[in-house]
file my_file-v2.csv (CSV, C-alpha atoms and all ligand atoms)
chain,number,residue,atom,x,y,z
A,804,MET,CA,0.0,0.0,0.0
A,805,GLY,CA,2.1,2.9,-1.3
A,806,MET,CA,1.9,6.6,-0.9
A,807,ASP,CA,0.3,6.9,-4.3
A,808,ARG,CA,-2.7,5.0,-3.0
A,809,LEU,CA,-3.3,7.9,-0.7
A,810,GLN,CA,-5.5,10.0,-2.9
A,811,GLN,CA,-5.1,13.7,-2.8
A,812,ALA,CA,-8.6,14.1,-1.5
A,813,ASN,CA,-7.7,12.1,1.6
A,814,VAL,CA,-4.9,14.3,2.6
A,815,ILE,CA,-5.9,17.0,5.1
A,816,ASP,CA,-4.1,20.2,3.9
A,817,GLY,CA,-3.5,22.0,7.2
A,818,LYS,CA,-1.3,24.6,5.5
A,819,ALA,CA,-4.2,25.7,3.2
A,820,PHE,CA,-6.7,25.5,6.1
A,821,ALA,CA,-4.4,27.7,8.3
A,822,ALA,CA,-3.9,30.2,5.4
A,823,GLY,CA,-7.7,30.5,5.1
A,824,MET,CA,-8.0,31.0,8.8
A,825,LEU,CA,-5.5,33.8,8.8
A,826,GLU,CA,-7.4,35.6,6.0
A,827,HIS,CA,-10.6,35.3,8.1
A,828,LEU,CA,-8.8,36.6,11.2
A,829,LYS,CA,-7.4,39.5,9.2
A,830,SER,CA,-10.9,40.6,8.2
A,831,ASP,CA,-12.2,40.0,11.8
A,832,VAL,CA,-9.5,42.2,13.1
A,833,ALA,CA,-10.3,45.0,10.6
A,834,GLY,CA,-14.0,44.7,11.6
A,835,LEU,CA,-13.1,45.0,15.3
A,836,LEU,CA,-11.1,48.1,14.7
A,837,THR,CA,-14.1,49.7,13.0
A,838,GLU,CA,-16.4,48.5,15.8
A,839,THR,CA,-14.2,49.3,18.9
A,840,GLY,CA,-11.4,51.5,17.7
A,841,LYS,CA,-9.0,48.8,19.1
A,842,ILE,CA,-7.0,45.9,17.8
A,843,PRO,CA,-6.1,42.6,19.6
A,844,GLY,CA,-2.5,42.6,21.0
A,845,LEU,CA,-0.3,39.5,21.7
A,846,ALA,CA,2.7,39.7,24.0
A,847,VAL,CA,5.3,36.9,23.5
A,848,VAL,CA,8.0,36.5,26.1
A,849,LEU,CA,11.3,34.7,25.2
A,850,VAL,CA,13.9,34.2,27.8
A,851,GLY,CA,17.4,33.3,26.7
A,852,ASP,CA,18.7,32.4,23.2
A,853,ASP,CA,17.5,28.9,22.4
A,854,PRO,CA,17.7,28.9,18.6
A,855,ALA,CA,14.5,26.9,18.0
A,856,SER,CA,12.5,29.1,20.3
A,857,ALA,CA,13.8,32.2,18.6
A,858,VAL,CA,12.6,30.9,15.3
A,859,TYR,CA,9.1,30.1,16.7
A,860,VAL,CA,8.9,33.5,18.3
A,861,GLY,CA,10.0,35.3,15.1
A,862,SER,CA,7.4,33.4,13.1
A,863,LYS,CA,4.6,34.2,15.7
A,864,HIS,CA,5.6,37.9,15.5
A,865,ARG,CA,5.4,37.9,11.7
A,866,GLN,CA,2.0,36.2,11.5
A,867,THR,CA,0.5,38.3,14.3
A,868,VAL,CA,1.5,41.5,12.4
A,869,ALA,CA,0.2,39.9,9.1
A,870,ALA,CA,-3.2,39.4,10.8
A,871,GLY,CA,-3.3,43.1,11.6
A,872,MET,CA,-2.8,42.6,15.4
A,873,ASN,CA,-0.3,44.2,17.7
A,874,SER,CA,2.7,42.1,18.5
A,875,PHE,CA,4.7,42.9,21.6
A,876,GLU,CA,7.9,40.9,21.7
A,877,HIS,CA,9.9,40.7,25.0
A,878,ARG,CA,13.3,39.1,24.5
A,879,LEU,CA,15.0,38.8,27.9
A,880,PRO,CA,18.5,37.7,28.6
A,881,ALA,CA,19.1,34.1,29.8
A,882,GLU,CA,20.1,35.3,33.3
A,883,THR,CA,16.7,36.9,33.9
A,884,SER,CA,15.5,36.1,37.4
A,885,GLN,CA,12.2,34.6,38.4
A,886,SER,CA,11.1,37.8,40.1
A,887,GLU,CA,12.0,39.9,37.0
A,888,LEU,CA,10.0,37.6,34.8
A,889,MET,CA,7.1,37.6,37.3
A,890,SER,CA,7.0,41.4,37.3
A,891,LEU,CA,6.9,41.5,33.5
A,892,ILE,CA,3.9,39.1,33.6
A,893,GLU,CA,2.2,41.4,36.2
A,894,ARG,CA,2.7,44.4,33.9
A,895,LEU,CA,1.4,42.5,30.8
A,896,ASN,CA,-1.6,41.3,32.9
A,897,THR,CA,-2.7,44.8,33.5
A,898,ASP,CA,-1.7,46.3,30.2
A,899,PRO,CA,-5.0,47.1,28.3
A,900,GLN,CA,-3.2,46.8,24.9
A,901,VAL,CA,-2.3,43.2,25.7
A,902,HIS,CA,-5.1,40.7,25.3
A,903,GLY,CA,-2.9,37.6,25.0
A,904,ILE,CA,0.3,36.5,26.8
A,905,LEU,CA,2.5,33.7,25.8
A,906,VAL,CA,5.7,32.6,27.5
A,907,GLN,CA,7.8,30.6,25.1
A,908,LEU,CA,8.9,27.3,26.6
A,909,PRO,CA,11.3,25.8,27.6
A,910,LEU,CA,12.6,28.4,30.0
A,911,PRO,CA,16.2,28.3,31.2
A,912,LYS,CA,16.7,25.8,34.0
A,913,HIS,CA,16.8,28.2,36.9
A,914,LEU,CA,13.2,29.4,36.1
A,915,ASP,CA,10.0,27.7,37.2
A,916,PRO,CA,7.7,27.5,34.2
A,917,ASN,CA,4.7,26.4,36.2
A,918,ALA,CA,4.9,29.4,38.5
A,919,VAL,CA,5.2,31.7,35.5
A,920,ILE,CA,2.2,30.1,33.7
A,921,GLN,CA,0.0,30.2,36.8
A,922,ALA,CA,0.9,34.0,37.2
A,923,ILE,CA,-0.7,34.8,33.8
A,924,ASN,CA,-4.2,36.2,33.9
A,925,PRO,CA,-6.2,33.2,32.7
A,926,ASP,CA,-8.3,35.4,30.5
A,927,LYS,CA,-5.0,36.4,28.7
A,928,ASP,CA,-3.6,32.8,28.7
A,929,VAL,CA,-3.7,32.2,24.9
A,930,ASP,CA,-1.7,29.0,25.2
A,931,GLY,CA,-4.4,27.6,27.5
A,932,PHE,CA,-1.9,26.2,29.9
A,933,HIS,CA,-3.2,27.8,33.1
A,934,ILE,CA,-5.0,25.5,35.5
A,935,ALA,CA,-8.1,27.7,35.3
A,936,ASN,CA,-8.3,27.1,31.6
A,937,ALA,CA,-7.6,23.4,32.0
A,938,GLY,CA,-10.4,23.3,34.6
A,939,ARG,CA,-12.8,25.2,32.4
A,940,LEU,CA,-12.1,22.9,29.5
A,941,ALA,CA,-12.6,19.8,31.7
A,942,THR,CA,-15.9,21.1,33.0
A,943,GLY,CA,-17.2,22.3,29.5
A,944,GLN,CA,-17.1,26.0,30.2
A,945,PRO,CA,-15.7,28.6,27.8
A,946,ALA,CA,-11.9,28.3,28.1
A,947,LEU,CA,-8.9,29.3,26.2
A,948,VAL,CA,-7.7,25.9,24.9
A,949,PRO,CA,-4.2,24.8,23.9
A,950,CYS,CA,-3.5,25.8,20.3
A,951,THR,CA,-2.3,22.4,18.9
A,952,PRO,CA,-5.3,20.3,19.9
A,953,LEU,CA,-7.6,23.2,19.0
A,954,GLY,CA,-6.1,23.0,15.5
A,955,CYS,CA,-6.6,19.3,15.4
A,956,MET,CA,-10.3,19.7,16.4
A,957,MET,CA,-10.8,22.2,13.6
A,958,LEU,CA,-9.3,19.9,11.0
A,959,LEU,CA,-11.5,17.0,12.3
A,960,LYS,CA,-14.7,19.0,12.1
A,961,ASP,CA,-13.7,20.2,8.7
A,962,ARG,CA,-13.6,16.6,7.5
A,963,LEU,CA,-16.4,15.0,9.6
A,964,GLY,CA,-18.8,17.9,10.2
A,965,ASP,CA,-19.6,19.5,13.5
A,966,ASN,CA,-21.4,16.5,14.9
A,967,LEU,CA,-18.8,14.0,16.2
A,968,ALA,CA,-21.2,12.4,18.7
A,969,GLY,CA,-20.8,8.7,19.3
A,970,LEU,CA,-17.6,8.3,17.3
A,971,ASN,CA,-14.8,6.2,18.8
A,972,ALA,CA,-11.8,8.5,19.3
A,973,VAL,CA,-8.4,7.3,20.4
A,974,VAL,CA,-5.7,9.8,21.5
A,975,ILE,CA,-2.2,8.5,21.7
A,976,GLY,CA,-0.2,10.6,24.2
A,977,LYS,CA,-1.3,12.2,27.5
A,978,SER,CA,0.7,15.4,27.8
A,979,ASN,CA,-0.9,18.5,29.3
A,980,ILE,CA,-0.3,20.5,26.1
A,981,VAL,CA,-1.6,18.0,23.5
A,982,GLY,CA,-3.0,14.6,24.5
A,983,LYS,CA,-5.1,15.6,27.6
A,984,PRO,CA,-6.8,18.7,26.2
A,985,MET,CA,-7.3,16.8,22.9
A,986,ALA,CA,-9.2,14.1,24.8
A,987,GLN,CA,-11.2,16.7,26.7
A,988,MET,CA,-12.3,18.4,23.5
A,989,LEU,CA,-13.3,15.1,21.9
A,990,LEU,CA,-15.2,14.2,25.1
A,991,ASN,CA,-17.0,17.6,25.1
A,992,ALA,CA,-17.9,16.8,21.5
A,993,ASN,CA,-19.5,13.5,22.8
A,994,CYS,CA,-17.0,11.1,21.3
A,995,THR,CA,-16.2,7.9,23.1
A,996,VAL,CA,-12.7,8.7,24.1
A,997,THR,CA,-9.8,6.4,24.9
A,998,ILE,CA,-6.4,7.7,25.9
A,999,VAL,CA,-3.4,5.5,25.1
A,1000,HIS,CA,0.0,6.0,26.6
A,1001,SER,CA,3.3,4.3,27.2
A,1002,LYS,CA,1.9,1.9,29.8
A,1003,THR,CA,-1.1,0.9,27.8
A,1004,ARG,CA,-1.3,-2.9,27.1
A,1005,ASN,CA,-3.5,-3.3,24.1
A,1006,THR,CA,-2.6,-0.2,22.1
A,1007,GLN,CA,-3.0,-1.7,18.6
A,1008,GLU,CA,-6.3,-3.3,19.3
A,1009,LEU,CA,-7.6,0.0,20.8
A,1010,CYS,CA,-6.3,2.0,17.8
A,1011,ARG,CA,-8.0,-0.4,15.3
A,1012,ALA,CA,-11.4,0.4,16.8
A,1013,ALA,CA,-10.9,4.2,16.3
A,1014,ASP,CA,-13.0,6.3,13.9
A,1015,ILE,CA,-10.7,9.2,14.9
A,1016,LEU,CA,-7.1,8.6,15.8
A,1017,VAL,CA,-5.0,11.4,17.1
A,1018,VAL,CA,-1.3,10.6,17.6
A,1019,ALA,CA,0.9,12.9,19.8
A,1020,VAL,CA,3.9,10.9,20.9
A,1021,GLY,CA,7.1,12.0,19.2
A,1022,ARG,CA,8.2,8.6,17.8
A,1023,PRO,CA,8.6,8.4,14.0
A,1024,GLY,CA,6.5,5.6,12.4
A,1025,LEU,CA,5.0,4.4,15.7
A,1026,VAL,CA,1.6,3.9,14.2
A,1027,ARG,CA,1.7,1.3,11.5
A,1028,GLY,CA,-0.8,0.8,8.7
A,1029,ASP,CA,-2.5,-2.2,10.4
A,1030,TRP,CA,-3.3,0.0,13.5
A,1031,ILE,CA,-5.6,2.1,11.4
A,1032,LYS,CA,-9.2,1.1,10.8
A,1033,PRO,CA,-10.2,1.5,7.1
A,1034,GLY,CA,-11.9,4.9,6.7
A,1035,ALA,CA,-10.6,6.4,10.0
A,1036,VAL,CA,-9.5,10.0,10.2
A,1037,VAL,CA,-5.9,10.2,11.4
A,1038,ILE,CA,-4.4,13.3,12.9
A,1039,ASP,CA,-0.6,13.1,13.2
A,1040,VAL,CA,0.7,15.6,15.7
A,1041,GLY,CA,4.2,14.2,15.9
A,1042,ILE,CA,7.2,16.3,14.7
A,1043,ASN,CA,10.3,14.2,14.4
A,1044,ARG,CA,13.6,15.0,12.6
A,1045,ILE,CA,15.1,11.9,11.0
A,1046,VAL,CA,18.3,11.4,9.0
A,1047,GLU,CA,18.0,9.1,6.0
A,1048,GLY,CA,20.8,8.6,3.4
A,1049,GLY,CA,22.6,11.6,4.9
A,1050,LYS,CA,19.6,13.8,4.5
A,1051,SER,CA,17.5,15.1,7.3
A,1052,ARG,CA,13.7,15.5,7.1
A,1053,ILE,CA,10.7,16.0,9.3
A,1054,VAL,CA,8.2,13.1,9.7
A,1055,GLY,CA,5.2,12.4,12.0
A,1056,ASP,CA,4.4,9.5,14.3
A,1057,VAL,CA,2.4,7.6,11.7
A,1058,ALA,CA,3.9,5.5,8.9
A,1059,TYR,CA,2.3,7.7,6.4
A,1060,ASP,CA,2.9,5.5,3.3
A,1061,GLU,CA,1.1,2.6,5.0
A,1062,ALA,CA,-2.0,4.7,5.7
A,1063,GLY,CA,-3.6,4.6,2.2
A,1064,HIS,CA,-6.8,3.0,3.6
A,1065,ALA,CA,-7.4,5.9,6.1
A,1066,GLY,CA,-10.4,8.0,5.4
A,1067,ALA,CA,-8.2,11.1,5.7
A,1068,ILE,CA,-4.8,11.9,7.2
A,1069,THR,CA,-2.7,14.9,8.0
A,1070,PRO,CA,0.7,14.9,6.4
A,1071,VAL,CA,3.9,15.9,8.3
A,1072,PRO,CA,4.9,18.6,7.5
A,1073,GLY,CA,1.9,20.6,6.3
A,1074,GLY,CA,-0.8,19.1,8.5
A,1075,VAL,CA,-1.2,20.0,12.2
A,1076,GLY,CA,2.0,22.2,12.4
A,1077,PRO,CA,0.7,25.2,10.5
A,1078,MET,CA,-2.6,25.2,12.5
A,1079,THR,CA,-0.8,26.0,15.8
A,1080,ILE,CA,0.1,29.6,15.1
A,1081,ALA,CA,-3.3,30.2,13.4
A,1082,CYS,CA,-5.0,28.9,16.5
A,1083,LEU,CA,-2.8,31.1,18.7
A,1084,LEU,CA,-4.0,34.1,16.8
A,1085,SER,CA,-7.6,32.8,16.9
A,1086,ASN,CA,-7.3,32.5,20.7
A,1087,THR,CA,-5.9,36.1,20.9
A,1088,LEU,CA,-9.0,37.3,19.0
A,1089,THR,CA,-11.3,35.2,21.3
A,1090,ALA,CA,-9.5,36.7,24.4
A,1091,PHE,CA,-10.0,40.2,23.0
A,1092,ARG,CA,-13.7,39.7,22.4
A,1093,ARG,CA,-14.3,38.3,25.9
A,1094,GLN,CA,-12.3,41.1,27.5
A,1095,HIS,CA,-14.5,43.6,25.6
A,1096,GLY,CA,-17.7,41.7,26.3
A,1097,LEU,CA,-18.3,41.0,22.6
A,1098,ALA,CA,-20.1,37.9,21.3
A,1099,ALA,CA,-17.9,35.0,20.0
B,1,LIG,P1,5.3,14.5,25.4
B,1,LIG,O1,5.0,15.4,26.5
B,1,LIG,O2,6.7,13.8,25.3
B,1,LIG,O3,4.2,13.3,25.5
B,1,LIG,C1,4.3,12.1,24.7
B,1,LIG,C2,3.3,11.1,25.1
B,1,LIG,O4,3.4,10.0,24.3
B,1,LIG,C3,3.3,10.7,26.6
B,1,LIG,O5,2.0,10.8,27.2
B,1,LIG,C4,3.8,9.3,26.5
B,1,LIG,O6,3.2,8.4,27.5
B,1,LIG,C5,3.3,8.8,25.2
B,1,LIG,N1,4.1,7.7,24.6
B,1,LIG,C6,5.4,7.6,24.6
B,1,LIG,N2,5.7,6.4,24.0
B,1,LIG,C7,4.6,5.8,23.7
B,1,LIG,C8,4.2,4.6,23.1
B,1,LIG,N3,5.2,3.7,22.6
B,1,LIG,N4,2.9,4.3,22.9
B,1,LIG,C9,2.0,5.1,23.3
B,1,LIG,N5,2.2,6.3,23.9
B,1,LIG,C10,3.5,6.6,24.1
B,1,LIG,O7,5.0,15.1,24.0
B,1,LIG,P2,4.0,16.2,23.5
B,1,LIG,O8,4.5,17.6,23.9
B,1,LIG,O9,2.6,15.8,23.8
B,1,LIG,O10,4.3,16.2,21.9
B,1,LIG,C11,4.0,15.0,21.2
B,1,LIG,C12,4.5,15.2,19.7
B,1,LIG,O11,3.8,16.2,19.1
B,1,LIG,C13,6.0,15.5,19.6
B,1,LIG,O12,6.5,15.0,18.4
B,1,LIG,C14,6.0,17.0,19.5
B,1,LIG,O13,7.1,17.5,18.7
B,1,LIG,C15,4.7,17.2,18.6
B,1,LIG,N6,4.1,18.5,18.8
B,1,LIG,C16,3.7,19.2,17.7
B,1,LIG,C17,3.1,20.4,17.8
B,1,LIG,C18,2.6,21.1,16.5
B,1,LIG,O14,2.4,20.5,15.5
B,1,LIG,N7,2.5,22.4,16.5
B,1,LIG,C19,2.8,21.0,19.0
B,1,LIG,C20,3.2,20.3,20.2
B,1,LIG,C21,3.8,19.0,20.0
B,1,LIG,P3,3.6,8.5,29.1
B,1,LIG,O15,2.8,9.7,29.5
B,1,LIG,O16,3.0,7.3,29.6
B,1,LIG,O17,5.0,8.7,29.2
call {"tool": "encode", "arguments": {"input": "my_file-v2.csv", "output": "structure tokens"}}
result
Amino acid sequence: MGMDRLQQANVIDGKAFAAGMLEHLKSDVAGLLTETGKIPGLAVVLVGDDPASAVYVGSKHRQTVAAGMNSFEHRLPAETSQSELMSLIERLNTDPQVHGILVQLPLPKHLDPNAVIQAINPDKDVDGFHIANAGRLATGQPALVPCTPLGCMMLLKDRLGDNLAGLNAVVIGKSNIVGKPMAQMLLNANCTVTIVHSKTRNTQELCRAADILVVAVGRPGLVRGDWIKPGAVVIDVGINRIVEGGKSRIVGDVAYDEAGHAGAITPVPGGVGPMTIACLLSNTLTAFRRQHGLAA
């Protein structure tokens, strides 16, 4: 079952979807400016000089500006103290021009990421990592939800329609930033949800029963073709750099060329990845609306 069997129509084009979202966001921002005289603002805090983080922060800045929003970048030296970082968060919490706050992780070792995240005003927590947002999501209340699973959910609904009730959903991975919030969102959509992790005993059998299979592990080719039920929608969150024949490339967690019988699948790259920043901007817009008492 080769890659050519995976018809174009079955490939979920996250890149195109995210580009469409950004166009919508841009016109929403323009509309808000007319309506309120204000535009949403996103503050991104980067501590230290981790090269990958610097690339992410740069790309967030560019796309924020492209959507017509204010982007406030705070690049702090690696030796920044916990209390300096906390006072910046305090300032951003009360700054009326800032509607969303994101602290780029990982932080340098001497800083406590949990304390920093819990110091963010939950209504400005556009990463959705604050326990207040995790709790709101778990109890089905309006929350700011983590960007990557939010993007997965949008791609799923684009394929399957808004009504996912009764579908068997399996999420592989139970991290706080992807697996758990993904499972919560699927549960809120009335799917029958199973979470599979490193201690699960009958992983393959559980996966084979899935109508929706979301994979967020970080192991290239973990999910083989025979784990996938014919017709299932497969969302591959994994981002893995592998070296093959002296060349390095990015692959997901699913053996993509074995997935020709899937109903639809996200490629890596070009699937879930581009959705994350689009959802960050969408969360910033949501935060702005709620802070101004505007309808969703
Ligand atoms: P993580 O915190 O390392 O969590 C990985 C999860 O996979 C854990 O829950 C772990 O189980 C589980 N796991 C490990 N080996 C397994 C196995 N053999 N079978 C079943 N489950 C297994 O990773 P993460 O932050 O959630 O990220 C997962 C992947 O998504 C990574 O490749 C990451 O780069 C990618 N990612 C992509 C985006 C994006 O597209 N924008 C965003 C975030 C993450 P235990 O809990 O039992 O250890």
call {"tool": "residues_around", "arguments": {"input": "my_file-v2.csv", "residues": "stretch 813-828 of chain A", "least_positions_apart": "6", "cutoff": "10 Å", "atoms": "all atoms listed in the file", "output": "short mmCIF file (atom, residue, chain, number, x, y, z; two decimals) with C-alpha atoms, in the coordinates of the input"}}
result
data_model
loop_
_atom_site.label_atom_id
_atom_site.label_comp_id
_atom_site.auth_asym_id
_atom_site.auth_seq_id
_atom_site.Cartn_x
_atom_site.Cartn_y
_atom_site.Cartn_z
CA GLY A 834 -14.00 44.70 11.60
CA GLN A 866 2.00 36.20 11.50
CA THR A 867 0.50 38.30 14.30
CA ALA A 869 0.20 39.90 9.10
CA ALA A 870 -3.20 39.40 10.80
CA GLY A 871 -3.30 43.10 11.60
CA MET A 872 -2.80 42.60 15.40
CA GLY A 954 -6.10 23.00 15.50
CA CYS A 955 -6.60 19.30 15.40
CA MET A 957 -10.80 22.20 13.60
CA LEU A 958 -9.30 19.90 11.00
CA LEU A 959 -11.50 17.00 12.30
CA ASP A 961 -13.70 20.20 8.70
CA ARG A 962 -13.60 16.60 7.50
CA GLY A 1034 -11.90 4.90 6.70
CA VAL A 1036 -9.50 10.00 10.20
CA VAL A 1037 -5.90 10.20 11.40
CA ILE A 1038 -4.40 13.30 12.90
CA GLY A 1063 -3.60 4.60 2.20
CA HIS A 1064 -6.80 3.00 3.60
CA ALA A 1065 -7.40 5.90 6.10
CA GLY A 1066 -10.40 8.00 5.40
CA ALA A 1067 -8.20 11.10 5.70
CA ILE A 1068 -4.80 11.90 7.20
CA THR A 1069 -2.70 14.90 8.00
CA PRO A 1070 0.70 14.90 6.40
CA VAL A 1071 3.90 15.90 8.30
CA PRO A 1072 4.90 18.60 7.50
CA GLY A 1073 1.90 20.60 6.30
CA GLY A 1074 -0.80 19.10 8.50
CA VAL A 1075 -1.20 20.00 12.20
CA GLY A 1076 2.00 22.20 12.40
CA PRO A 1077 0.70 25.20 10.50
CA MET A 1078 -2.60 25.20 12.50
CA THR A 1079 -0.80 26.00 15.80
CA ILE A 1080 0.10 29.60 15.10
CA ALA A 1081 -3.30 30.20 13.40
CA CYS A 1082 -5.00 28.90 16.50
CA LEU A 1084 -4.00 34.10 16.80
CA SER A 1085 -7.60 32.80 16.90
CA LEU A 1088 -9.00 37.30 19.00
#
call {"tool": "closest_residue", "arguments": {"input": "my_file-v2.csv", "among": "A:Leu1097, A:Ile980, A:Leu1083, A:Ala968", "to": "ligand LIG 1 (chain B)", "atoms": "all atoms listed in the file"}}
result
A:Ile980
call {"tool": "residues_around", "arguments": {"input": "my_file-v2.csv", "residues": "stretch 925-933 of chain A", "least_positions_apart": "2", "cutoff": "9 Å", "atoms": "only C-alpha atoms", "output": "ChimeraX atom specification"}}
result
/A:845,896,901-906,917,920-923,935-938,946-950,979-980,1083-1087,1089-1091,1093-1094
call {"tool": "residues_near_ligand", "arguments": {"input": "my_file-v2.csv", "ligand": "ligand LIG 1 (chain B)", "cutoff": "9 Å", "atoms": "only C-alpha atoms and all ligand atoms", "output": "PyMOL selection string"}}
result
chain A and resi 950-952+954+974-983+998-1003+1006+1018-1023+1025-1026+1039-1043+1055-1056+1071-1072+1074-1080
call {"tool": "write_last_selection", "arguments": {"input": "my_file-v2.csv", "atoms": "C-alpha atoms", "output": "short mmCIF file (atom, residue, chain, number, x, y, z; two decimals), in the coordinates of the input"}}
result
data_model
loop_
_atom_site.label_atom_id
_atom_site.label_comp_id
_atom_site.auth_asym_id
_atom_site.auth_seq_id
_atom_site.Cartn_x
_atom_site.Cartn_y
_atom_site.Cartn_z
CA CYS A 950 -3.50 25.80 20.30
CA THR A 951 -2.30 22.40 18.90
CA PRO A 952 -5.30 20.30 19.90
CA GLY A 954 -6.10 23.00 15.50
CA VAL A 974 -5.70 9.80 21.50
CA ILE A 975 -2.20 8.50 21.70
CA GLY A 976 -0.20 10.60 24.20
CA LYS A 977 -1.30 12.20 27.50
CA SER A 978 0.70 15.40 27.80
CA ASN A 979 -0.90 18.50 29.30
CA ILE A 980 -0.30 20.50 26.10
CA VAL A 981 -1.60 18.00 23.50
CA GLY A 982 -3.00 14.60 24.50
CA LYS A 983 -5.10 15.60 27.60
CA ILE A 998 -6.40 7.70 25.90
CA VAL A 999 -3.40 5.50 25.10
CA HIS A 1000 0.00 6.00 26.60
CA SER A 1001 3.30 4.30 27.20
CA LYS A 1002 1.90 1.90 29.80
CA THR A 1003 -1.10 0.90 27.80
CA THR A 1006 -2.60 -0.20 22.10
CA VAL A 1018 -1.30 10.60 17.60
CA ALA A 1019 0.90 12.90 19.80
CA VAL A 1020 3.90 10.90 20.90
CA GLY A 1021 7.10 12.00 19.20
CA ARG A 1022 8.20 8.60 17.80
CA PRO A 1023 8.60 8.40 14.00
CA LEU A 1025 5.00 4.40 15.70
CA VAL A 1026 1.60 3.90 14.20
CA ASP A 1039 -0.60 13.10 13.20
CA VAL A 1040 0.70 15.60 15.70
CA GLY A 1041 4.20 14.20 15.90
CA ILE A 1042 7.20 16.30 14.70
CA ASN A 1043 10.30 14.20 14.40
CA GLY A 1055 5.20 12.40 12.00
CA ASP A 1056 4.40 9.50 14.30
CA VAL A 1071 3.90 15.90 8.30
CA PRO A 1072 4.90 18.60 7.50
CA GLY A 1074 -0.80 19.10 8.50
CA VAL A 1075 -1.20 20.00 12.20
CA GLY A 1076 2.00 22.20 12.40
CA PRO A 1077 0.70 25.20 10.50
CA MET A 1078 -2.60 25.20 12.50
CA THR A 1079 -0.80 26.00 15.80
CA ILE A 1080 0.10 29.60 15.10
#
call {"tool": "atom_distance", "arguments": {"input": "my_file-v2.csv", "atom1": "atom CA of A:Val868", "atom2": "atom CA of A:Val847"}}
result
12.6 Å
call {"tool": "atom_distance", "arguments": {"input": "my_file-v2.csv", "atom1": "atom CA of A:Pro909", "atom2": "atom CA of A:Ala855"}}
result
10.2 Å
call {"tool": "decode", "arguments": {"input": "my_file-v2.csv", "residues": "stretch 881-885 of chain A", "atoms": "all heavy atoms", "output": "PDB file, in the first residue's frame"}}
result
ATOM      1  N   ALA A 881      19.201  35.394  29.153  1.00  0.00           N
ATOM      2  CA  ALA A 881      19.110  34.069  29.787  1.00  0.00           C
ATOM      3  C   ALA A 881      19.207  34.161  31.307  1.00  0.00           C
ATOM      4  O   ALA A 881      18.649  33.332  32.019  1.00  0.00           O
ATOM      5  CB  ALA A 881      20.211  33.168  29.248  1.00  0.00           C
ATOM      6  N   GLU A 882      19.899  35.193  31.818  1.00  0.00           N
ATOM      7  CA  GLU A 882      20.109  35.276  33.272  1.00  0.00           C
ATOM      8  C   GLU A 882      18.966  36.011  33.997  1.00  0.00           C
ATOM      9  O   GLU A 882      19.057  36.266  35.204  1.00  0.00           O
ATOM     10  CB  GLU A 882      21.478  35.904  33.594  1.00  0.00           C
ATOM     11  CG  GLU A 882      21.741  37.279  33.006  1.00  0.00           C
ATOM     12  CD  GLU A 882      22.256  37.250  31.556  1.00  0.00           C
ATOM     13  OE1 GLU A 882      22.227  36.158  30.917  1.00  0.00           O
ATOM     14  OE2 GLU A 882      22.656  38.308  31.032  1.00  0.00           O
ATOM     15  N   THR A 883      17.886  36.314  33.275  1.00  0.00           N
ATOM     16  CA  THR A 883      16.710  36.933  33.901  1.00  0.00           C
ATOM     17  C   THR A 883      16.267  36.128  35.132  1.00  0.00           C
ATOM     18  O   THR A 883      16.224  34.902  35.085  1.00  0.00           O
ATOM     19  CB  THR A 883      15.550  36.992  32.880  1.00  0.00           C
ATOM     20  OG1 THR A 883      15.980  37.743  31.758  1.00  0.00           O
ATOM     21  CG2 THR A 883      14.295  37.615  33.471  1.00  0.00           C
ATOM     22  N   SER A 884      15.940  36.843  36.221  1.00  0.00           N
ATOM     23  CA  SER A 884      15.542  36.127  37.443  1.00  0.00           C
ATOM     24  C   SER A 884      14.035  35.855  37.428  1.00  0.00           C
ATOM     25  O   SER A 884      13.277  36.490  36.676  1.00  0.00           O
ATOM     26  CB  SER A 884      15.896  36.962  38.676  1.00  0.00           C
ATOM     27  OG  SER A 884      15.041  38.088  38.733  1.00  0.00           O
ATOM     28  N   GLN A 885      13.641  34.927  38.283  1.00  0.00           N
ATOM     29  CA  GLN A 885      12.224  34.574  38.410  1.00  0.00           C
ATOM     30  C   GLN A 885      11.402  35.833  38.729  1.00  0.00           C
ATOM     31  O   GLN A 885      10.346  36.057  38.143  1.00  0.00           O
ATOM     32  CB  GLN A 885      12.051  33.517  39.507  1.00  0.00           C
ATOM     33  CG  GLN A 885      10.642  33.005  39.676  1.00  0.00           C
ATOM     34  CD  GLN A 885      10.291  31.880  38.689  1.00  0.00           C
ATOM     35  OE1 GLN A 885      11.176  31.202  38.160  1.00  0.00           O
ATOM     36  NE2 GLN A 885       9.022  31.695  38.430  1.00  0.00           N
TER      37      GLN A 885
END
